[in-house]
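A.B. asks: Hey, dropping data-v5.pdb in here, PDB, C-alpha atoms, pLDDT in the B column:
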```
MODEL        1
ATOM      1  CA  MET F   1     -59.830 -15.605  34.448  1.00 37.00           C
ATOM      2  CA  ALA F   2     -57.171 -16.645  31.916  1.00 41.00           C
ATOM      3  CA  MET F   3     -53.748 -15.091  32.211  1.00 40.00           C
ATOM      4  CA  SER F   4     -51.278 -14.345  29.442  1.00 41.00           C
ATOM      5  CA  LEU F   5     -47.752 -13.031  29.278  1.00 42.00           C
ATOM      6  CA  ARG F   6     -47.272  -9.439  28.235  1.00 43.00           C
ATOM      7  CA  THR F   7     -44.783  -8.285  25.678  1.00 43.00           C
ATOM      8  CA  PRO F   8     -41.340  -8.164  27.291  1.00 47.00           C
ATOM      9  CA  ASN F   9     -40.612  -4.921  29.102  1.00 56.00           C
ATOM     10  CA  THR F  10     -36.909  -4.421  29.733  1.00 51.00           C
ATOM     11  CA  GLY F  11     -37.461  -2.596  33.025  1.00 71.00           C
ATOM     12  CA  ALA F  12     -40.319  -4.738  34.324  1.00 69.00           C
ATOM     13  CA  PHE F  13     -38.103  -7.136  36.267  1.00 69.00           C
ATOM     14  CA  GLU F  14     -36.187  -4.285  37.817  1.00 70.00           C
ATOM     15  CA  MET F  15     -39.470  -2.601  38.853  1.00 69.00           C
ATOM     16  CA  ALA F  16     -40.641  -5.862  40.448  1.00 66.00           C
ATOM     17  CA  ALA F  17     -37.335  -6.084  42.314  1.00 65.00           C
ATOM     18  CA  LYS F  18     -37.647  -2.500  43.568  1.00 67.00           C
ATOM     19  CA  ALA F  19     -41.111  -3.292  44.899  1.00 68.00           C
ATOM     20  CA  GLY F  20     -39.340  -5.757  47.199  1.00 76.00           C
ATOM     21  CA  ALA F  21     -41.717  -8.627  46.576  1.00 85.00           C
ATOM     22  CA  PHE F  22     -39.189 -10.738  44.643  1.00 89.00           C
ATOM     23  CA  ASP F  23     -35.468 -11.364  44.752  1.00 92.00           C
ATOM     24  CA  ILE F  24     -34.747 -10.961  41.044  1.00 89.00           C
ATOM     25  CA  GLU F  25     -31.122 -12.092  41.416  1.00 91.00           C
ATOM     26  CA  PHE F  26     -32.375 -15.358  42.924  1.00 95.00           C
ATOM     27  CA  LEU F  27     -34.993 -15.710  40.176  1.00 92.00           C
ATOM     28  CA  ASP F  28     -32.302 -15.149  37.546  1.00 92.00           C
ATOM     29  CA  ARG F  29     -30.192 -17.915  39.103  1.00 95.00           C
ATOM     30  CA  VAL F  30     -33.005 -20.466  39.098  1.00 96.00           C
ATOM     31  CA  THR F  31     -34.149 -19.561  35.576  1.00 95.00           C
ATOM     32  CA  PHE F  32     -30.622 -19.220  34.146  1.00 96.00           C
ATOM     33  CA  SER F  33     -31.376 -15.529  33.411  1.00 92.00           C
ATOM     34  CA  ASP F  34     -33.982 -16.600  30.850  1.00 93.00           C
ATOM     35  CA  ARG F  35     -36.596 -13.849  31.237  1.00 88.00           C
ATOM     36  CA  GLY F  36     -39.162 -15.767  29.187  1.00 90.00           C
ATOM     37  CA  LEU F  37     -38.849 -18.731  31.523  1.00 94.00           C
ATOM     38  CA  ALA F  38     -38.971 -16.395  34.522  1.00 91.00           C
ATOM     39  CA  ARG F  39     -42.233 -14.904  33.228  1.00 90.00           C
ATOM     40  CA  GLU F  40     -43.747 -18.373  32.849  1.00 93.00           C
ATOM     41  CA  VAL F  41     -42.672 -19.396  36.350  1.00 94.00           C
ATOM     42  CA  LEU F  42     -44.004 -16.144  37.812  1.00 94.00           C
ATOM     43  CA  GLN F  43     -47.287 -16.593  35.955  1.00 93.00           C
ATOM     44  CA  MET F  44     -47.715 -20.007  37.547  1.00 95.00           C
ATOM     45  CA  PHE F  45     -46.795 -18.592  40.954  1.00 97.00           C
ATOM     46  CA  ASP F  46     -49.329 -15.769  40.539  1.00 95.00           C
ATOM     47  CA  GLN F  47     -52.147 -18.224  39.892  1.00 95.00           C
ATOM     48  CA  GLN F  48     -51.018 -20.664  42.578  1.00 97.00           C
ATOM     49  CA  ALA F  49     -50.551 -17.999  45.259  1.00 97.00           C
ATOM     50  CA  ASP F  50     -54.044 -16.646  44.639  1.00 96.00           C
ATOM     51  CA  SER F  51     -55.727 -20.054  44.809  1.00 97.00           C
ATOM     52  CA  LEU F  52     -53.724 -21.286  47.814  1.00 98.00           C
ATOM     53  CA  LEU F  53     -54.380 -18.103  49.765  1.00 98.00           C
ATOM     54  CA  LYS F  54     -58.113 -18.573  49.229  1.00 98.00           C
ATOM     55  CA  VAL F  55     -57.915 -22.102  50.637  1.00 98.00           C
ATOM     56  CA  ILE F  56     -55.892 -20.919  53.649  1.00 98.00           C
ATOM     57  CA  ARG F  57     -58.440 -18.204  54.408  1.00 97.00           C
ATOM     58  CA  ASP F  58     -61.527 -20.342  53.830  1.00 97.00           C
ATOM     59  CA  THR F  59     -60.720 -23.767  55.231  1.00 96.00           C
ATOM     60  CA  GLU F  60     -61.887 -24.904  58.644  1.00 94.00           C
ATOM     61  CA  SER F  61     -59.350 -27.749  58.691  1.00 96.00           C
ATOM     62  CA  THR F  62     -56.171 -26.974  60.603  1.00 95.00           C
ATOM     63  CA  ARG F  63     -54.340 -29.803  58.871  1.00 96.00           C
ATOM     64  CA  MET F  64     -55.314 -28.572  55.404  1.00 97.00           C
ATOM     65  CA  ARG F  65     -54.369 -24.982  56.310  1.00 98.00           C
ATOM     66  CA  LEU F  66     -50.911 -26.152  57.444  1.00 97.00           C
ATOM     67  CA  GLU F  67     -50.382 -28.277  54.318  1.00 98.00           C
ATOM     68  CA  ILE F  68     -51.449 -25.478  51.993  1.00 98.00           C
ATOM     69  CA  ALA F  69     -49.347 -22.892  53.853  1.00 98.00           C
ATOM     70  CA  HIS F  70     -46.359 -25.228  53.514  1.00 98.00           C
ATOM     71  CA  ARG F  71     -47.028 -25.619  49.789  1.00 98.00           C
ATOM     72  CA  LEU F  72     -47.262 -21.848  49.344  1.00 98.00           C
ATOM     73  CA  LYS F  73     -44.060 -21.351  51.340  1.00 98.00           C
ATOM     74  CA  GLY F  74     -42.203 -23.699  48.997  1.00 98.00           C
ATOM     75  CA  ALA F  75     -43.632 -22.122  45.858  1.00 98.00           C
ATOM     76  CA  ALA F  76     -42.722 -18.650  47.092  1.00 98.00           C
ATOM     77  CA  ARG F  77     -39.171 -19.687  47.946  1.00 98.00           C
ATOM     78  CA  GLY F  78     -38.839 -21.205  44.489  1.00 97.00           C
ATOM     79  CA  VAL F  79     -39.434 -17.865  42.764  1.00 96.00           C
ATOM     80  CA  GLY F  80     -37.667 -15.605  45.241  1.00 95.00           C
ATOM     81  CA  ALA F  81     -40.814 -14.276  46.933  1.00 96.00           C
ATOM     82  CA  PHE F  82     -39.210 -14.601  50.337  1.00 97.00           C
ATOM     83  CA  SER F  83     -41.593 -12.236  52.155  1.00 96.00           C
ATOM     84  CA  VAL F  84     -44.518 -14.427  51.034  1.00 98.00           C
ATOM     85  CA  ALA F  85     -42.617 -17.528  52.187  1.00 98.00           C
ATOM     86  CA  LYS F  86     -41.946 -16.000  55.613  1.00 98.00           C
ATOM     87  CA  ALA F  87     -45.607 -15.026  56.000  1.00 98.00           C
ATOM     88  CA  ALA F  88     -46.722 -18.551  55.021  1.00 98.00           C
ATOM     89  CA  GLU F  89     -44.333 -19.955  57.599  1.00 98.00           C
ATOM     90  CA  GLU F  90     -46.055 -17.848  60.252  1.00 98.00           C
ATOM     91  CA  ILE F  91     -49.289 -19.706  59.427  1.00 98.00           C
ATOM     92  CA  GLU F  92     -47.439 -22.953  60.140  1.00 97.00           C
ATOM     93  CA  THR F  93     -46.117 -21.743  63.497  1.00 97.00           C
ATOM     94  CA  ALA F  94     -49.164 -19.864  64.823  1.00 97.00           C
ATOM     95  CA  ALA F  95     -49.712 -20.953  68.422  1.00 96.00           C
ATOM     96  CA  ASP F  96     -53.294 -19.786  68.847  1.00 96.00           C
ATOM     97  CA  GLU F  97     -56.256 -18.247  67.023  1.00 96.00           C
ATOM     98  CA  ILE F  98     -55.005 -14.678  67.501  1.00 97.00           C
ATOM     99  CA  GLU F  99     -51.580 -15.486  66.035  1.00 97.00           C
ATOM    100  CA  LEU F 100     -53.296 -17.365  63.213  1.00 97.00           C
ATOM    101  CA  ALA F 101     -55.560 -14.423  62.391  1.00 97.00           C
ATOM    102  CA  ASN F 102     -52.561 -12.078  62.373  1.00 98.00           C
ATOM    103  CA  ALA F 103     -50.572 -14.499  60.232  1.00 98.00           C
ATOM    104  CA  VAL F 104     -53.412 -14.823  57.711  1.00 98.00           C
ATOM    105  CA  SER F 105     -53.657 -11.025  57.503  1.00 98.00           C
ATOM    106  CA  LEU F 106     -49.906 -10.736  56.952  1.00 98.00           C
ATOM    107  CA  LEU F 107     -49.938 -13.476  54.321  1.00 98.00           C
ATOM    108  CA  THR F 108     -52.812 -11.778  52.518  1.00 98.00           C
ATOM    109  CA  ALA F 109     -50.846  -8.521  52.445  1.00 97.00           C
ATOM    110  CA  ARG F 110     -47.643 -10.196  51.214  1.00 97.00           C
ATOM    111  CA  VAL F 111     -49.420 -12.152  48.466  1.00 97.00           C
ATOM    112  CA  THR F 112     -51.201  -8.961  47.385  1.00 95.00           C
ATOM    113  CA  GLU F 113     -47.871  -7.098  47.238  1.00 94.00           C
ATOM    114  CA  ALA F 114     -46.310  -9.886  45.202  1.00 94.00           C
ATOM    115  CA  ARG F 115     -49.225 -10.017  42.778  1.00 93.00           C
ATOM    116  CA  MET F 116     -49.095  -6.232  42.365  1.00 90.00           C
ATOM    117  CA  ALA F 117     -45.378  -6.444  41.565  1.00 89.00           C
ATOM    118  CA  LEU F 118     -46.199  -9.089  38.954  1.00 88.00           C
ATOM    119  CA  ALA F 119     -48.716  -6.813  37.269  1.00 83.00           C
ATOM    120  CA  SER F 120     -45.913  -5.276  35.187  1.00 70.00           C
ATOM    121  CA  LEU F 121     -44.947  -8.743  33.947  1.00 67.00           C
ATOM    122  CA  ILE F 122     -48.255 -10.572  33.660  1.00 65.00           C
ATOM    123  CA  GLY F 123     -51.472  -9.176  32.244  1.00 55.00           C
ATOM    124  CA  ASN F 124     -55.052 -10.365  32.028  1.00 38.00           C
ATOM    125  CA  ALA F 125     -56.112 -11.808  28.681  1.00 29.00           C
TER     126      ALA F 125
ENDMDL
END
```
Show how you would write the structure in this file as structure tokens.

C.D. replies:
Amino acid sequence: MAMSLRTPNTGAFEMAAKAGAFDIEFLDRVTFSDRGLAREVLQMFDQQADSLLKVIRDTESTRMRLEIAHRLKGAARGVGAFSVAKAAEEIETAADEIELANAVSLLTARVTEARMALASLIGNA
């Protein structure tokens, strides 16, 4: 489904910050406080997080799961979604199938929370 940016909402970033899914101060630093740029970066993260999470959940390949979790961790850190990054890191460090299953559940929850926080910034076309 195509995504588009919504009309700027002055309180939308603050609402996303209150949800705890993003560090808005960090995002402002990396986007030079350009809210239009921040929206574009968050839109890309929204799409990437969704697609990478699907691969992590569906793949049978341990190597691919680790590579994709690492990619998601980096993307999340880049936009200030540190809870998503931490959950992705738990995929990388899972010692057995039980830890992996728990880590995938946690990552799913954190990505869902982040995407819900983005709903005030990004809308469906």

A.B. asks: Mind pulling up the distance from atom CA of F:Ala81 to atom CA of F:Asp23?

C.D. replies: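 Separation between atom CA of F:Asp23 and atom CA of F:Ala81: 6.5 Å.
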
A.B. asks: On this structure, the PyMOL selection byres ((chain F and resi 56) around 10) would catch which residues? List them as a list in words, sorted by chain and number.

C.D. replies: Ser51, Leu52, Leu53, Lys54, Val55, Arg57, Asp58, Thr59, Glu60, Ser61, Thr62, Met64, Arg65, Leu66, Glu67, Ile68, Ala69, Leu72, Ala88, Ile91, Val104, Leu107 and Thr108 of chain F

A.B. asks: Can you measure atom CA of F:Thr112 to atom CA of F:Gly11 for me? One decimal in Å is fine.

C.D. replies: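 Atom CA of F:Thr112 sits 20.9 Å away from atom CA of F:Gly11.
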
A.B. asks: Identify the residues around (-37.6, -19.0, 41.2) within a radius of 12 Å, measuring from all atoms listed in the file in the coordinates stated by the file, and give them as a ChimeraX atom specification.

C.D. replies: /F:22-35,37-45,74-82

A.B. asks: State, in Å with one decimal place, the distance from atom CA of F:Thr93 to atom CA of F:Arg110.

C.D. replies: 16.9 Å

A.B. asks: Which residue is closest to F:Asp46? Choose from F:His70, F:Leu106, F:Arg115, F:Ile98 and count all atoms listed in the file.

C.D. replies: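 Between F:His70, F:Leu106, F:Arg115, F:Ile98, the residue approaching F:Asp46 most closely is F:Arg115.
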
A.B. asks: Using only C-alpha atoms, which protein or nucleic acid residues come within 7 Å of F:Lys73? Drop anything in the same chain fewer than 5 positions from it, and give the result as a PyMOL selection string.

C.D. replies: chain F and resi 84-85+88-89
